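Trainee: Sharing a structure here in structure tokens format.
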Amino acid sequence: MKSLGLFLRNPTGLAGSSLLLLVIVAALLAPVLFPGDPLDMATTPFIWPLQDPAFPLGSDSLGRDVLAGIVHGARVSVLIGFASTFVGVVIGTLVGACAGYFGGRLDDLLVRLMEVFQTFPPFLLIIVLVSIAEPSVATITAAIGIVSWPTVARLVRAEFRSLRERDFVLAARGLGYGAARIVFLEILPNAAAPIIVTTSVMVATAILNESALSFLGLGDPNLVSWGSMIGAGRDQLRTAWYLVALPGAALVITVLSLNLFGDGLNDALNPRARGR
Amino acid sequence: MARVLRTLRRTAWQAIPTVIAVVVIDFFLLRLAPGDAADALAAESGSATEETMAALRAHFGLDQPAFVQFLSYIGNLLHFSLGFSPLYNMPVSRLIGERLPGTLLLMATALSLALLIGISAGVVMSMFAGRLTDRVLSVIALLFYSVPGFWIGLMLIVLFSVRLGWLPSGGAETIGAGLTGWPWLLDRARHLILPAVSLALFFIAIYARLVRASMLEVRDQDYVRTATAKGLSRTAVTLRHMLWNALLPVTTVAGMHVGAILGGAVVVETVFSWPGLGRLAFEAVLKRDFSVLLGILLLSSLLVIAVNVLVDLLQAWLDPRIALR
Amino acid sequence: MPLEFPGREDPLLDVRDLFISFGDNAAVRGLDFTIRRGETLALVGESGCGKSATALSLLRLLPPAGRVAGGSIRFEDRDILRLPENEMRRLRGGAISMVFQEPMTSLNPVLPIGRQITEAIRSHERVSARAARARAIELLNLVRIPEAHRRIDDYPHTLSGGMRQRVMIAMAVACRPRLLIADEPTTALDVTIQAQVLELLDRLRQDLSMGLLLITHDLGLVADWADRVVVMYAGRKCEEAPVETLLRAPLHPYTSGLMACSPKLASGLHFRQGRLPEIGGSVASAADVAGCLFAPRCASARDACHAVRPDAKPAGSRDHLLACPVHAPADYAIACC
């Protein structure tokens, strides 16, 4: 695929993918690299980074290993980030495809639905949903997915509306293909490029939302997440600010890698759009 | 002017079903919430006998069928009442009313900062497209886009409050200082700047990237070539001909951002102990006070709708071709 | 009709040996022509022959990908290619103006037309806003926009294509330019409007004593409105003559071919029934040619034609130039080796 070649030669895409790969690998290998529960006390509290070779990133107020926390936190962020985006993309694509392909009253109704969902401030709605349902990985994933589907739906609808009139679709209909087949096998592959680019941005947003949730104390209480580490470290901001800085840096690197990845994808799939 | 009024009428009319849907969903969520006002009050006061609970429920109308409750909810809304918060012991609307100005100030400042800095950066980036200035600014923009508001807020506090001691670390003003006039204004500004910057960073990046792309697209348009052929200076061509046309997509997007800024305000206000709706929402979440929480949700949604109507008007004013639809 | 002026011999615009390239592609390869005050010079050729690039280069408006690779452009004794940018800006819209091909997209959609005219005026002259507006109304009247005082505040999208082109012309002549470049001014317009617009341009040329460079691929327009014609092929001049001479007795095979293809001229000059003749091949064949650029498509090409690129030389009279030794008359200055 020509696009793949373009993407791999693009410095942004390359940087993004490498960093992202690093984060994902760390997340997957967390239990191997740091066995045991990161919430367990491991050593004396408030060791600064680079003081103790056994704890390169130091320890927090309860003597927990910061590095273990960060690596395990990657699991939560990556898991929720990708899972919730998956939910959002699936719902959004279905809704957007139906709206864009069938048009008419169904389209009007679905567009209205998208508008209503986009009226609620996203993070507020997430907070409301998660507090009603009690925080857990499942509820957080569902909440973020519920809030993010309209973005995908809008995009998919726009693509479908323009592709619907194209010759190859008319040809398929002329051959008597059913709607489902046309939507999934004919149109969707052609609409894939912008969806894929949007997906990477959505994962980044989902990770940011999840971290904000756990910062506020609405994360899964049994798991360590970067947001919860930052929230816990907030009380010691004056003395042990590394407790806030380090998990945050991990967050920034992860989100940055996703954005670089998305930009690289955009350049590869859509070279005209970025200007020169 | 007539064109703008016509757009106003059309947009406001189309917003009504959205308002209704938002209210319905809000009520639905309120019903879904575990416990109700009676439970919350009982938990506060510590006593919970059957009779007390039943009496409380009857008092709040909580034993009525759902539809009746819905009607009374609507009735309350029309009287600008959002229910009563047992935890704060005051009507929700008054509670929100007290906190709303703080959030509006923060949001307006953040949005203004974001637009000003973002648009300027975008223009500069487009003028030097492909060269070093553009690349550096693009990297910075990408960084801003990847930073969570609450974390950068905390880091800014570490730098400017803890280390340098230049700026306060929380609150909206120095309590009890009894300042008036210019010193008061300055004091408020000093408290406002860090939270506003934390909130604005993400959007600075968005507007910079958007304006850059938009300007590059506009640059290739025929009318830009005409403007240059007329002998206009480069500044005049860039600002008067290109920028005006390039700003149209920004207005579309800015309307959508009100909701995102409100969400960001929740964490930023929490970090900076800012007296606003965001922090109120956080407190309501902690204490599971759903009447407050859903009141805030409803109000913010209505605010978003209102802003969208304003943005439609703004677009009709900016682009004379639009109102003909 | 060209007007008589004392010192008419001093050219208004003098282009010598102009080379323009876009990246690796040469669009113009050694073009010369001059324009005198009060005359209409038509630059004729098919798409891709470099006429628009030439026009843009006169105002240094080439897109970033294009550059002037050689030659000189002199306007009233000033070297355009060496002028500092701020002086160039003063020339644009002031002494030299341009009207573009696409009136639909050449006006800014969000500014009223009056505003677009007054800003042209005020960027060159110190006049008050009110005076500029009055001038704008006069100009709109000059270009025959009905109810100018009302339409001055209209937006471009409320005007038809022909009216937009008139507004463009009004903008272009606002500061009484001495040279007006019209790049395919009527190509995007209905045939019925074309004549009106050209009649307007011609009238303005007379009233303002301007030189008019008319760029077009339509020989019919050339026949009606031009004084002299330069025929371009693949970035070079192949023939230049006063319009009657060219129409009556074209010498270059490309020129003859063009005229035979033109429906309007063909029916007048050559009686034909059935198909309109065409010139075989395409401009792209000139890409890597060593000798005459037209040779690959020329029916009368000889070996020498493929080897040596001919320059335009006088053929019979001083104002008829021809770049073709094969079809030259007996007194052609043969010096192609």
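By order of appearance in the structure tokens: chains A, B, ..., then residues from 1 within every chain, and ligands from 1 in the order shown.
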Find the residues near region 97-103 of chain A: any atom within 8 Å, counting only C-alpha atoms, skip ones fewer than 5 places away on the same chain, and give them as a VMD selection string.

Mentor: chain A and resid 108 110 to 111 153 156 to 161 164 183

Trainee: With N, CA and C atoms retained, could you export that selection as a PDB file, in the first residue's frame?

Mentor:
```pdb
ATOM      1  N   ASP A 108     -32.924  12.707   9.422  1.00  0.00           N
ATOM      2  CA  ASP A 108     -33.305  13.854  10.254  1.00  0.00           C
ATOM      3  C   ASP A 108     -33.305  13.468  11.720  1.00  0.00           C
ATOM      4  N   LEU A 110     -31.778  10.942  13.243  1.00  0.00           N
ATOM      5  CA  LEU A 110     -30.460  10.608  13.776  1.00  0.00           C
ATOM      6  C   LEU A 110     -29.595  11.857  13.937  1.00  0.00           C
ATOM      7  N   VAL A 111     -29.731  12.793  12.999  1.00  0.00           N
ATOM      8  CA  VAL A 111     -28.960  14.031  13.131  1.00  0.00           C
ATOM      9  C   VAL A 111     -29.391  14.775  14.392  1.00  0.00           C
ATOM     10  N   ALA A 153     -20.034   9.655  14.220  1.00  0.00           N
ATOM     11  CA  ALA A 153     -21.261   9.578  13.429  1.00  0.00           C
ATOM     12  C   ALA A 153     -21.337  10.722  12.430  1.00  0.00           C
ATOM     13  N   VAL A 156     -18.848   9.987   9.612  1.00  0.00           N
ATOM     14  CA  VAL A 156     -19.273   8.876   8.766  1.00  0.00           C
ATOM     15  C   VAL A 156     -20.465   9.292   7.910  1.00  0.00           C
ATOM     16  N   ARG A 157     -21.374  10.020   8.503  1.00  0.00           N
ATOM     17  CA  ARG A 157     -22.542  10.472   7.755  1.00  0.00           C
ATOM     18  C   ARG A 157     -22.117  11.335   6.574  1.00  0.00           C
ATOM     19  N   ALA A 158     -21.210  12.267   6.824  1.00  0.00           N
ATOM     20  CA  ALA A 158     -20.753  13.138   5.738  1.00  0.00           C
ATOM     21  C   ALA A 158     -20.107  12.329   4.626  1.00  0.00           C
ATOM     22  N   GLU A 159     -19.264  11.372   5.004  1.00  0.00           N
ATOM     23  CA  GLU A 159     -18.621  10.540   3.994  1.00  0.00           C
ATOM     24  C   GLU A 159     -19.638   9.745   3.204  1.00  0.00           C
ATOM     25  N   PHE A 160     -20.594   9.151   3.909  1.00  0.00           N
ATOM     26  CA  PHE A 160     -21.569   8.325   3.228  1.00  0.00           C
ATOM     27  C   PHE A 160     -22.440   9.150   2.298  1.00  0.00           C
ATOM     28  N   ARG A 161     -22.778  10.331   2.741  1.00  0.00           N
ATOM     29  CA  ARG A 161     -23.617  11.167   1.897  1.00  0.00           C
ATOM     30  C   ARG A 161     -22.933  11.476   0.581  1.00  0.00           C
ATOM     31  N   ARG A 164     -22.438   8.102  -1.477  1.00  0.00           N
ATOM     32  CA  ARG A 164     -23.676   7.452  -1.884  1.00  0.00           C
ATOM     33  C   ARG A 164     -24.006   7.697  -3.347  1.00  0.00           C
ATOM     34  N   VAL A 183     -23.330  -1.060   2.133  1.00  0.00           N
ATOM     35  CA  VAL A 183     -22.764  -0.221   3.184  1.00  0.00           C
ATOM     36  C   VAL A 183     -21.430  -0.777   3.661  1.00  0.00           C
TER      37      VAL A 183
END
```

Trainee: So which residues touch region 231-242 of chain C within 8 Å, counting only C-alpha atoms, skipping near sequence neighbours fewer than 4 positions away, as a ChimeraX atom specification?

Mentor: /C:26-32,43-46,48-51,227,246,251-252,254-255,283,286,293-294,312,319-324

Trainee: Write out as a list in words which residues come within 8 Å of Phe203 (chain B) when counting only C-alpha atoms, dropping same-chain ones fewer than 5 positions away.

Mentor: Leu111, Ala114, Leu115, Gly118 and Tyr145 of chain B

Trainee: Each residue of chain B lying at most 6 Å from chain C should get a row with its shortest atom-to-atom pair and the distance in Å to one decimal, counting only C-alpha atoms; could you produce that, ordered by chain and increasing number, as JSON lines?

Mentor:
```
{"residue": "B:Asp222", "atom": "CA", "partner": "C:Ser106", "partner_atom": "CA", "distance": 4.7}
{"residue": "B:Tyr223", "atom": "CA", "partner": "C:Ser106", "partner_atom": "CA", "distance": 4.1}
{"residue": "B:Ala229", "atom": "CA", "partner": "C:Arg92", "partner_atom": "CA", "distance": 5.5}
{"residue": "B:Lys230", "atom": "CA", "partner": "C:Gly93", "partner_atom": "CA", "distance": 4.1}
{"residue": "B:Gly231", "atom": "CA", "partner": "C:Arg92", "partner_atom": "CA", "distance": 4.5}
{"residue": "B:Asp319", "atom": "CA", "partner": "C:Val110", "partner_atom": "CA", "distance": 5.7}
```

Trainee: Write the selection just made, keeping N, CA and C atoms, as an mmCIF file, in the first residue's frame?

Mentor:
```
data_model
loop_
_atom_site.group_PDB
_atom_site.id
_atom_site.type_symbol
_atom_site.label_atom_id
_atom_site.label_comp_id
_atom_site.auth_asym_id
_atom_site.auth_seq_id
_atom_site.Cartn_x
_atom_site.Cartn_y
_atom_site.Cartn_z
ATOM 1 N N ASP B 222 -8.548 32.596 -5.924
ATOM 2 C CA ASP B 222 -8.350 33.627 -6.948
ATOM 3 C C ASP B 222 -8.419 35.036 -6.383
ATOM 4 N N TYR B 223 -9.330 35.268 -5.420
ATOM 5 C CA TYR B 223 -9.513 36.648 -4.988
ATOM 6 C C TYR B 223 -8.305 37.166 -4.220
ATOM 7 N N ALA B 229 -2.846 41.786 -6.998
ATOM 8 C CA ALA B 229 -2.700 42.479 -8.279
ATOM 9 C C ALA B 229 -3.170 43.918 -8.200
ATOM 10 N N LYS B 230 -4.012 44.220 -7.210
ATOM 11 C CA LYS B 230 -4.464 45.600 -7.061
ATOM 12 C C LYS B 230 -3.396 46.463 -6.417
ATOM 13 N N GLY B 231 -2.356 45.826 -5.906
ATOM 14 C CA GLY B 231 -1.291 46.596 -5.285
ATOM 15 C C GLY B 231 -1.446 46.752 -3.788
ATOM 16 N N ASP B 319 -20.460 35.909 6.876
ATOM 17 C CA ASP B 319 -20.488 35.441 5.497
ATOM 18 C C ASP B 319 -21.823 35.758 4.855
#
```

Trainee: Mind running chain A against chain B at 9 Å and telling me each contacting residue's nearest atom pair with the distance in Å (one decimal), counting only C-alpha atoms, chain and number ascending, as JSON lines?

Mentor:
```
{"residue": "A:Arg112", "atom": "CA", "partner": "B:Thr18", "partner_atom": "CA", "distance": 7.3}
{"residue": "A:Leu113", "atom": "CA", "partner": "B:Thr18", "partner_atom": "CA", "distance": 8.6}
{"residue": "A:Glu115", "atom": "CA", "partner": "B:Thr18", "partner_atom": "CA", "distance": 7.4}
{"residue": "A:Val116", "atom": "CA", "partner": "B:Thr18", "partner_atom": "CA", "distance": 5.7}
{"residue": "A:Phe117", "atom": "CA", "partner": "B:Val22", "partner_atom": "CA", "distance": 8.4}
{"residue": "A:Gln118", "atom": "CA", "partner": "B:Met256", "partner_atom": "CA", "distance": 8.0}
{"residue": "A:Thr119", "atom": "CA", "partner": "B:Ser301", "partner_atom": "CA", "distance": 5.5}
{"residue": "A:Phe120", "atom": "CA", "partner": "B:Ser301", "partner_atom": "CA", "distance": 5.0}
{"residue": "A:Pro121", "atom": "CA", "partner": "B:Gly259", "partner_atom": "CA", "distance": 3.9}
{"residue": "A:Pro122", "atom": "CA", "partner": "B:Ala260", "partner_atom": "CA", "distance": 6.4}
{"residue": "A:Phe123", "atom": "CA", "partner": "B:Gly263", "partner_atom": "CA", "distance": 4.7}
{"residue": "A:Leu124", "atom": "CA", "partner": "B:Gly263", "partner_atom": "CA", "distance": 5.5}
{"residue": "A:Leu125", "atom": "CA", "partner": "B:Leu297", "partner_atom": "CA", "distance": 7.2}
{"residue": "A:Ile127", "atom": "CA", "partner": "B:Val285", "partner_atom": "CA", "distance": 7.7}
{"residue": "A:Val128", "atom": "CA", "partner": "B:Leu293", "partner_atom": "CA", "distance": 7.2}
{"residue": "A:Leu129", "atom": "CA", "partner": "B:Leu29", "partner_atom": "CA", "distance": 8.2}
{"residue": "A:Ser131", "atom": "CA", "partner": "B:Val285", "partner_atom": "CA", "distance": 6.7}
{"residue": "A:Ile132", "atom": "CA", "partner": "B:Ala33", "partner_atom": "CA", "distance": 5.1}
{"residue": "A:Ala133", "atom": "CA", "partner": "B:Ala33", "partner_atom": "CA", "distance": 7.8}
{"residue": "A:Ala204", "atom": "CA", "partner": "B:Ser146", "partner_atom": "CA", "distance": 7.9}
{"residue": "A:Thr205", "atom": "CA", "partner": "B:Ser146", "partner_atom": "CA", "distance": 8.9}
{"residue": "A:Leu208", "atom": "CA", "partner": "B:Pro148", "partner_atom": "CA", "distance": 6.3}
{"residue": "A:Asn209", "atom": "CA", "partner": "B:Pro148", "partner_atom": "CA", "distance": 8.8}
{"residue": "A:Ser211", "atom": "CA", "partner": "B:Pro148", "partner_atom": "CA", "distance": 8.3}
{"residue": "A:Ala212", "atom": "CA", "partner": "B:Val267", "partner_atom": "CA", "distance": 7.0}
{"residue": "A:Leu213", "atom": "CA", "partner": "B:Val267", "partner_atom": "CA", "distance": 8.9}
{"residue": "A:Phe215", "atom": "CA", "partner": "B:Val267", "partner_atom": "CA", "distance": 8.3}
{"residue": "A:Leu216", "atom": "CA", "partner": "B:Phe282", "partner_atom": "CA", "distance": 7.3}
{"residue": "A:Gly217", "atom": "CA", "partner": "B:Leu286", "partner_atom": "CA", "distance": 8.2}
{"residue": "A:Leu218", "atom": "CA", "partner": "B:Val285", "partner_atom": "CA", "distance": 8.6}
{"residue": "A:Gly227", "atom": "CA", "partner": "B:Trp151", "partner_atom": "CA", "distance": 8.9}
{"residue": "A:Ile230", "atom": "CA", "partner": "B:Trp151", "partner_atom": "CA", "distance": 7.6}
{"residue": "A:Arg234", "atom": "CA", "partner": "B:Leu154", "partner_atom": "CA", "distance": 7.7}
{"residue": "A:Leu237", "atom": "CA", "partner": "B:Val158", "partner_atom": "CA", "distance": 7.0}
{"residue": "A:Arg238", "atom": "CA", "partner": "B:Val162", "partner_atom": "CA", "distance": 6.3}
{"residue": "A:Trp241", "atom": "CA", "partner": "B:Val158", "partner_atom": "CA", "distance": 7.3}
{"residue": "A:Val244", "atom": "CA", "partner": "B:Trp151", "partner_atom": "CA", "distance": 7.4}
{"residue": "A:Ala245", "atom": "CA", "partner": "B:Met155", "partner_atom": "CA", "distance": 7.0}
{"residue": "A:Gly248", "atom": "CA", "partner": "B:Trp151", "partner_atom": "CA", "distance": 6.2}
{"residue": "A:Ala249", "atom": "CA", "partner": "B:Val147", "partner_atom": "CA", "distance": 8.8}
{"residue": "A:Leu251", "atom": "CA", "partner": "B:Val147", "partner_atom": "CA", "distance": 7.8}
{"residue": "A:Val252", "atom": "CA", "partner": "B:Val147", "partner_atom": "CA", "distance": 5.4}
{"residue": "A:Ile253", "atom": "CA", "partner": "B:Ser146", "partner_atom": "CA", "distance": 7.9}
{"residue": "A:Thr254", "atom": "CA", "partner": "B:Ser146", "partner_atom": "CA", "distance": 8.4}
{"residue": "A:Val255", "atom": "CA", "partner": "B:Ser146", "partner_atom": "CA", "distance": 5.3}
{"residue": "A:Leu256", "atom": "CA", "partner": "B:Ser146", "partner_atom": "CA", "distance": 5.2}
{"residue": "A:Ser257", "atom": "CA", "partner": "B:Ser146", "partner_atom": "CA", "distance": 8.8}
{"residue": "A:Leu258", "atom": "CA", "partner": "B:Ser146", "partner_atom": "CA", "distance": 8.9}
{"residue": "A:Asn259", "atom": "CA", "partner": "B:Ser146", "partner_atom": "CA", "distance": 7.4}
{"residue": "A:Leu260", "atom": "CA", "partner": "B:Leu142", "partner_atom": "CA", "distance": 8.0}
{"residue": "A:Ala273", "atom": "CA", "partner": "B:Ala213", "partner_atom": "CA", "distance": 7.7}
{"residue": "A:Arg274", "atom": "CA", "partner": "B:Ala213", "partner_atom": "CA", "distance": 6.5}
{"residue": "A:Gly275", "atom": "CA", "partner": "B:Leu216", "partner_atom": "CA", "distance": 6.2}
{"residue": "A:Arg276", "atom": "CA", "partner": "B:Gly130", "partner_atom": "CA", "distance": 6.1}
```

Trainee: Find the distance between CA of Val224 (chain A) and CA of Glu269 (chain B) and write it in Å to one decimal.

Mentor: 23.7 Å

Trainee: Might you pull out every residue within 7 Å of region 100-105 of chain B, with only C-alpha atoms counted and same-chain residues fewer than 4 positions away left off, and present them as a list in words?

Mentor: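 Within the cut-off, the hits are Ile96, Thr109, Pro275, Gly276 and Leu277 of chain B.
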
Trainee: What is the distance, in Å and to one decimal place, between CA of Ala268 (chain A) and CA of Leu14 (chain A)?

Mentor: 11.3 Å

Trainee: Please identify the alpha helix (DSSP H) residues within region 113-292 of chain B (assignment by DSSP from backbone atoms) and present them as a ChimeraX atom specification.

Mentor: /B:113-127,132-146,149-156,181-219,222-229,234-236,244-271,277-286,290-292

Trainee: Give me, as a PyMOL selection string, all polymer residues having an atom no more than 7 Å from region 241-246 of chain B, counting only C-alpha atoms and skipping those fewer than 3 positions away in the same chain.

Mentor: (chain B and resi 211+214-215+218-219+224+237-238+249) or (chain C and resi 108)

Trainee: Could you take the residues named above and write them with N, CA and C atoms, as a PDB file, in the first residue's frame?

Mentor:
```pdb
ATOM      1  N   VAL B 211      -6.471  27.517  11.978  1.00  0.00           N
ATOM      2  CA  VAL B 211      -6.255  28.744  11.225  1.00  0.00           C
ATOM      3  C   VAL B 211      -5.136  28.557  10.216  1.00  0.00           C
ATOM      4  N   SER B 214      -6.595  26.665   7.339  1.00  0.00           N
ATOM      5  CA  SER B 214      -7.579  27.484   6.651  1.00  0.00           C
ATOM      6  C   SER B 214      -6.913  28.581   5.828  1.00  0.00           C
ATOM      7  N   MET B 215      -5.905  29.222   6.401  1.00  0.00           N
ATOM      8  CA  MET B 215      -5.203  30.284   5.679  1.00  0.00           C
ATOM      9  C   MET B 215      -4.504  29.726   4.443  1.00  0.00           C
ATOM     10  N   VAL B 218      -7.050  29.297   1.812  1.00  0.00           N
ATOM     11  CA  VAL B 218      -7.528  30.574   1.285  1.00  0.00           C
ATOM     12  C   VAL B 218      -6.467  31.207   0.394  1.00  0.00           C
ATOM     13  N   ARG B 219      -5.206  30.968   0.739  1.00  0.00           N
ATOM     14  CA  ARG B 219      -4.103  31.591   0.012  1.00  0.00           C
ATOM     15  C   ARG B 219      -4.146  31.270  -1.480  1.00  0.00           C
ATOM     16  N   VAL B 224      -7.510  36.252  -3.690  1.00  0.00           N
ATOM     17  CA  VAL B 224      -6.281  36.701  -3.036  1.00  0.00           C
ATOM     18  C   VAL B 224      -5.309  37.214  -4.092  1.00  0.00           C
ATOM     19  N   VAL B 237      -3.508  42.281   2.438  1.00  0.00           N
ATOM     20  CA  VAL B 237      -4.008  41.064   1.788  1.00  0.00           C
ATOM     21  C   VAL B 237      -4.223  39.971   2.829  1.00  0.00           C
ATOM     22  N   THR B 238      -3.228  39.804   3.707  1.00  0.00           N
ATOM     23  CA  THR B 238      -3.337  38.738   4.703  1.00  0.00           C
ATOM     24  C   THR B 238      -4.483  38.992   5.662  1.00  0.00           C
ATOM     25  N   PRO B 249     -14.327  28.797   9.411  1.00  0.00           N
ATOM     26  CA  PRO B 249     -14.313  27.496  10.085  1.00  0.00           C
ATOM     27  C   PRO B 249     -14.054  27.608  11.576  1.00  0.00           C
TER      28      PRO B 249
ATOM     29  N   ASN C 108     -13.557  38.913  -3.713  1.00  0.00           N
ATOM     30  CA  ASN C 108     -13.684  38.417  -2.347  1.00  0.00           C
ATOM     31  C   ASN C 108     -15.159  38.328  -1.955  1.00  0.00           C
TER      32      ASN C 108
END
```
